Amino acid sequence: MIVFGAACFNFGVHLNKTGGVNAAQYVSHIEKALYESDHIKRDSVVFEYDNSFEFELKTEDLIESLGDGVGFPLPMFFKLQFDILIPKHVQEEINKEHQFSFEINKPIRVKIEETFNGPITFVLLESDSIDDASSAVVLVREYLEKHFQSKSVYFEFIGPSPFHANFSLTAAMGSEHITGLDENGFSSTTVPCRGYDHICFRYSQDKYKSVQDAFEELSDSLCNELGFFYLVSKIRVQKIRKWEEIDQLYEQLVETSDNYSWWSRIQLILTPHGKLTHQLLYKLTSLEILMVNQSEILDADYDSVYRKGLPTYLQDVIDKEWRKRAESYPTKQISYFLEFHEKRFMQIWQTALLAISALVGAVIGAVITALASKGA
């Protein structure tokens, strides 16, 4: 039986260390860095990509991380596969550091594939325990993150990692072999479990010569669904990052606004405080525009995956993440506060100007009176 988990892994290069890269150079850097590990099986690293499309990154290009919802760009139709066997003592170190309990003593295959919505990853191995699927994802993730520290190549990923399900693939038997398979030659059954559910796939032995052949076809069928799932995750991260910036500016503004001392009011008048409100309003508007645009993108992509009548397998799991797209941020409340703050700010200015005018008027009056007295 093959068990596998899904995730979103990616590799990037530090352009300040490597200089600009094209597709071939990018692949060369990744291959070299992978083989610097003693645990990557020799000759197992395999790349595929289409070099007819232009791919070139320059040293000055700013690359946002996958953890910020973007990720290092990949060559067109990029695929990467390698086999890794993580020895017991390394697993024990990872277990001790993170309070895990891994014990996987078989080779693990990692397959990274670029989809329309970004990279997705399959981590698979032969095992009698379906729970090894998500465990293998976490084990590989932790090992790769540690291995690529302080190198010209870096490893990045985005959560949820792993995808919230454990998968298995075995041959269909008996009546299921005759009646229970879809047009792709697969059936799936979801077994609810504490923690991650088990999604058990069966394949047609008439259509596929081996479980490996069946997996290649199944993984192709799952790519669009997983690509959409991690697109939702990346967009959610982008909104969270923007909201964190807004919340920080809002807290600064509230702290300033709550200070009622005369000195703070003088500072409020004499310093360029409007810059803070301008930044907050700009970022608030940017977030609202982003949410509208991304909602339209997600609606269209969801329809492209699930409204065409083609066999799909992960809709129940993905819908749970999909529902989070509607999570709201209190943008209107902050807008109301900005409006109140600006009115208050203008009142302070008006009061100050009246006071200054009165003071200036008194001074001028006193000067005129003094001059008149001298003239008399």
# chains A, B, ... in the order shown; residues from 1 in each chain; ligands from 1
call {"tool": "residues_around", "arguments": {"residues": "region 209-215 of chain A", "least_positions_apart": "2", "cutoff": "10 Å", "atoms": "only C-alpha atoms", "output": "ChimeraX atom specification"}}
result
/A:1-2,4,124,168-171,184-186,201-207,217-221
call {"tool": "atom_distance", "arguments": {"atom1": "CA of Gly5 (chain A)", "atom2": "CA of Ala172 (chain A)"}}
result
20.3 Å
call {"tool": "residues_around", "arguments": {"residues": "region 302-309 of chain A", "least_positions_apart": "6", "cutoff": "8 Å", "atoms": "only C-alpha atoms", "output": "PyMOL selection string"}}
result
chain A and resi 224-225+228+315
call {"tool": "residues_around", "arguments": {"residues": "region 29-44 of chain A", "least_positions_apart": "6", "cutoff": "9 Å", "atoms": "only C-alpha atoms", "output": "ChimeraX atom specification"}}
result
/A:11-13,18,81-87,107,147-148,151-154
call {"tool": "write_last_selection", "arguments": {"atoms": "all heavy atoms", "output": "short mmCIF file (atom, residue, chain, number, x, y, z; two decimals), in the first residue's frame"}}
result
data_model
loop_
_atom_site.label_atom_id
_atom_site.label_comp_id
_atom_site.auth_asym_id
_atom_site.auth_seq_id
_atom_site.Cartn_x
_atom_site.Cartn_y
_atom_site.Cartn_z
N PHE A 11 11.37 25.75 -3.12
CA PHE A 11 12.77 26.10 -2.96
C PHE A 11 13.05 27.43 -3.65
O PHE A 11 12.55 27.70 -4.74
CB PHE A 11 13.69 25.03 -3.56
CG PHE A 11 13.66 23.73 -2.82
CD1 PHE A 11 12.93 22.65 -3.30
CD2 PHE A 11 14.37 23.57 -1.63
CE1 PHE A 11 12.91 21.44 -2.63
CE2 PHE A 11 14.34 22.36 -0.95
CZ PHE A 11 13.61 21.30 -1.44
N GLY A 12 13.86 28.25 -3.00
CA GLY A 12 14.29 29.51 -3.59
C GLY A 12 15.79 29.65 -3.48
O GLY A 12 16.45 28.88 -2.77
N VAL A 13 16.33 30.62 -4.15
CA VAL A 13 17.77 30.90 -4.05
C VAL A 13 17.94 32.33 -3.54
O VAL A 13 17.15 33.22 -3.86
CB VAL A 13 18.50 30.71 -5.39
CG1 VAL A 13 18.44 29.27 -5.84
CG2 VAL A 13 17.93 31.62 -6.47
N THR A 18 23.83 34.24 -4.98
CA THR A 18 24.04 33.53 -6.25
C THR A 18 24.13 34.45 -7.45
O THR A 18 24.64 34.06 -8.49
CB THR A 18 22.89 32.54 -6.50
OG1 THR A 18 21.67 33.28 -6.64
CG2 THR A 18 22.74 31.56 -5.35
N GLN A 81 11.45 15.84 -8.25
CA GLN A 81 11.26 14.59 -7.49
C GLN A 81 12.59 14.15 -6.91
O GLN A 81 13.62 14.23 -7.57
CB GLN A 81 10.69 13.50 -8.40
CG GLN A 81 10.57 12.13 -7.74
CD GLN A 81 10.00 11.08 -8.69
OE1 GLN A 81 8.89 11.23 -9.20
NE2 GLN A 81 10.77 10.03 -8.95
N PHE A 82 12.56 13.69 -5.66
CA PHE A 82 13.76 13.09 -5.07
C PHE A 82 13.34 12.13 -3.97
O PHE A 82 12.23 12.20 -3.43
CB PHE A 82 14.72 14.16 -4.54
CG PHE A 82 14.14 15.05 -3.46
CD1 PHE A 82 14.23 14.72 -2.11
CD2 PHE A 82 13.51 16.24 -3.80
CE1 PHE A 82 13.71 15.54 -1.12
CE2 PHE A 82 12.99 17.07 -2.82
CZ PHE A 82 13.09 16.73 -1.48
N ASP A 83 14.24 11.21 -3.67
CA ASP A 83 14.02 10.21 -2.62
C ASP A 83 14.94 10.50 -1.44
O ASP A 83 16.11 10.85 -1.63
CB ASP A 83 14.29 8.80 -3.14
CG ASP A 83 13.34 8.39 -4.25
OD1 ASP A 83 12.20 8.92 -4.26
OD2 ASP A 83 13.72 7.57 -5.10
N ILE A 84 14.40 10.36 -0.24
CA ILE A 84 15.17 10.66 0.96
C ILE A 84 14.93 9.57 2.00
O ILE A 84 13.80 9.08 2.16
CB ILE A 84 14.80 12.06 1.52
CG1 ILE A 84 15.64 12.40 2.74
CG2 ILE A 84 13.31 12.16 1.83
CD1 ILE A 84 15.48 13.85 3.19
N LEU A 85 15.97 9.16 2.67
CA LEU A 85 15.88 8.21 3.78
C LEU A 85 16.52 8.88 4.99
O LEU A 85 17.73 9.02 5.07
CB LEU A 85 16.60 6.90 3.46
CG LEU A 85 16.60 5.84 4.57
CD1 LEU A 85 15.19 5.45 4.98
CD2 LEU A 85 17.39 4.60 4.14
N ILE A 86 15.69 9.28 5.93
CA ILE A 86 16.17 10.02 7.10
C ILE A 86 16.50 9.02 8.20
O ILE A 86 15.61 8.32 8.68
CB ILE A 86 15.12 11.04 7.57
CG1 ILE A 86 14.80 12.02 6.43
CG2 ILE A 86 15.60 11.79 8.80
CD1 ILE A 86 13.70 13.00 6.73
N PRO A 87 17.77 8.90 8.59
CA PRO A 87 18.16 7.85 9.55
C PRO A 87 17.57 8.06 10.94
O PRO A 87 17.11 9.15 11.29
CB PRO A 87 19.69 7.95 9.56
CG PRO A 87 20.00 9.33 9.10
CD PRO A 87 18.92 9.72 8.16
N PRO A 107 12.38 4.57 2.71
CA PRO A 107 12.61 5.74 1.83
C PRO A 107 11.31 6.50 1.59
O PRO A 107 10.23 5.92 1.47
CB PRO A 107 13.14 5.10 0.55
CG PRO A 107 13.63 3.75 0.94
CD PRO A 107 12.75 3.30 2.07
N HIS A 147 18.26 21.50 7.04
CA HIS A 147 19.35 21.25 6.11
C HIS A 147 19.70 22.49 5.29
O HIS A 147 20.88 22.75 4.99
CB HIS A 147 18.98 20.10 5.16
CG HIS A 147 19.94 19.91 4.01
ND1 HIS A 147 21.24 19.49 4.21
CD2 HIS A 147 19.81 20.14 2.68
CE1 HIS A 147 21.86 19.43 3.03
NE2 HIS A 147 21.01 19.82 2.08
N PHE A 148 18.71 23.30 4.93
CA PHE A 148 18.94 24.42 4.04
C PHE A 148 19.25 25.72 4.77
O PHE A 148 19.33 26.77 4.13
CB PHE A 148 17.74 24.61 3.11
CG PHE A 148 17.72 23.63 1.96
CD1 PHE A 148 17.05 22.43 2.07
CD2 PHE A 148 18.42 23.90 0.80
CE1 PHE A 148 17.03 21.52 1.03
CE2 PHE A 148 18.42 23.00 -0.25
CZ PHE A 148 17.73 21.80 -0.14
N LYS A 151 22.55 28.30 3.60
CA LYS A 151 22.98 27.93 2.26
C LYS A 151 22.53 28.99 1.27
O LYS A 151 21.73 29.88 1.59
CB LYS A 151 22.40 26.56 1.86
CG LYS A 151 22.94 25.38 2.67
CD LYS A 151 22.39 24.07 2.13
CE LYS A 151 22.91 22.89 2.96
NZ LYS A 151 24.36 22.71 2.78
N SER A 152 23.04 28.91 0.06
CA SER A 152 22.61 29.85 -0.98
C SER A 152 21.19 29.52 -1.46
O SER A 152 20.54 30.34 -2.10
CB SER A 152 23.58 29.83 -2.16
OG SER A 152 23.63 28.53 -2.73
N VAL A 153 20.74 28.31 -1.15
CA VAL A 153 19.37 27.87 -1.46
C VAL A 153 18.59 27.79 -0.17
O VAL A 153 19.12 27.41 0.87
CB VAL A 153 19.39 26.50 -2.16
CG1 VAL A 153 18.00 25.93 -2.31
CG2 VAL A 153 20.07 26.61 -3.52
N TYR A 154 17.32 28.16 -0.21
CA TYR A 154 16.50 28.06 0.99
C TYR A 154 15.23 27.26 0.71
O TYR A 154 14.77 27.15 -0.43
CB TYR A 154 16.16 29.44 1.56
CG TYR A 154 15.36 30.34 0.65
CD1 TYR A 154 13.96 30.33 0.65
CD2 TYR A 154 16.01 31.25 -0.18
CE1 TYR A 154 13.24 31.17 -0.17
CE2 TYR A 154 15.29 32.10 -1.00
CZ TYR A 154 13.90 32.06 -0.99
OH TYR A 154 13.19 32.89 -1.81
#
call {"tool": "atom_distance", "arguments": {"atom1": "CA of Glu103 (chain A)", "atom2": "CA of Leu226 (chain A)"}}
result
27.0 Å
call {"tool": "closest_residue", "arguments": {"among": "A:Asn10, A:Ser127, A:Thr190, A:Thr115", "to": "Ala165 (chain A)", "atoms": "only C-alpha atoms"}}
result
A:Thr190
call {"tool": "select_by_dssp", "arguments": {"residues": "region 35-269 of chain A", "states": "strand (DSSP E or B)", "output": "PyMOL selection string"}}
result
chain A and resi 40+46-48+56-57+79-84+108-115+118-126+153-157+165-171+186-191+197-203
call {"tool": "residues_around", "arguments": {"residues": "Lys79 (chain A)", "least_positions_apart": "6", "cutoff": "6 Å", "atoms": "only C-alpha atoms", "output": "PyMOL selection string"}}
result
chain A and resi 47-48+112-113
call {"tool": "write_last_selection", "arguments": {"atoms": "N, CA and C atoms", "output": "mmCIF file, in the first residue's frame"}}
result
data_model
loop_
_atom_site.group_PDB
_atom_site.id
_atom_site.type_symbol
_atom_site.label_atom_id
_atom_site.label_comp_id
_atom_site.auth_asym_id
_atom_site.auth_seq_id
_atom_site.Cartn_x
_atom_site.Cartn_y
_atom_site.Cartn_z
ATOM 1 N N PHE A 47 14.385 16.627 -12.424
ATOM 2 C CA PHE A 47 13.681 17.869 -12.722
ATOM 3 C C PHE A 47 12.977 17.774 -14.067
ATOM 4 N N GLU A 48 11.874 18.486 -14.169
ATOM 5 C CA GLU A 48 11.224 18.731 -15.452
ATOM 6 C C GLU A 48 10.804 20.194 -15.479
ATOM 7 N N ILE A 112 7.383 17.644 -6.024
ATOM 8 C CA ILE A 112 6.915 19.031 -6.037
ATOM 9 C C ILE A 112 6.533 19.384 -7.467
ATOM 10 N N GLU A 113 5.347 19.950 -7.620
ATOM 11 C CA GLU A 113 4.855 20.265 -8.956
ATOM 12 C C GLU A 113 4.228 21.649 -8.968
#
call {"tool": "residues_around", "arguments": {"residues": "region 90-102 of chain A", "least_positions_apart": "3", "cutoff": "12 Å", "atoms": "only C-alpha atoms", "output": "PDB file with C-alpha atoms, in the first residue's frame"}}
result
ATOM      1  CA  ASP A  38      23.927  12.527   2.853  1.00  0.00           C
ATOM      2  CA  HIS A  39      20.317  11.366   3.116  1.00  0.00           C
ATOM      3  CA  LEU A  85      15.880   8.209   3.781  1.00  0.00           C
ATOM      4  CA  ILE A  86      16.174  10.019   7.102  1.00  0.00           C
ATOM      5  CA  PRO A  87      18.163   7.852   9.548  1.00  0.00           C
ATOM      6  CA  ASN A 105      12.482   3.621   8.486  1.00  0.00           C
ATOM      7  CA  LYS A 106      11.642   3.532   4.788  1.00  0.00           C
ATOM      8  CA  ASP A 131      -0.890   7.692   9.700  1.00  0.00           C
ATOM      9  CA  ASP A 132       2.669   7.619   8.331  1.00  0.00           C
ATOM     10  CA  ALA A 133       1.428   9.891   5.520  1.00  0.00           C
ATOM     11  CA  SER A 134       1.153  13.142   7.487  1.00  0.00           C
ATOM     12  CA  SER A 135       4.054  12.116   9.737  1.00  0.00           C
ATOM     13  CA  ALA A 136       6.303  11.810   6.690  1.00  0.00           C
ATOM     14  CA  VAL A 137       5.276  15.309   5.551  1.00  0.00           C
ATOM     15  CA  VAL A 138       6.245  16.843   8.890  1.00  0.00           C
ATOM     16  CA  LEU A 139       9.458  14.821   9.144  1.00  0.00           C
ATOM     17  CA  VAL A 140      10.622  15.869   5.665  1.00  0.00           C
ATOM     18  CA  ARG A 141       9.607  19.467   6.291  1.00  0.00           C
ATOM     19  CA  GLU A 142      11.571  19.683   9.530  1.00  0.00           C
ATOM     20  CA  TYR A 143      14.634  18.005   8.035  1.00  0.00           C
ATOM     21  CA  LEU A 144      14.705  20.165   4.885  1.00  0.00           C
ATOM     22  CA  GLU A 145      14.198  23.379   6.821  1.00  0.00           C
ATOM     23  CA  LYS A 146      17.209  22.521   8.984  1.00  0.00           C
ATOM     24  CA  HIS A 147      19.353  21.249   6.105  1.00  0.00           C
TER      25      HIS A 147
END
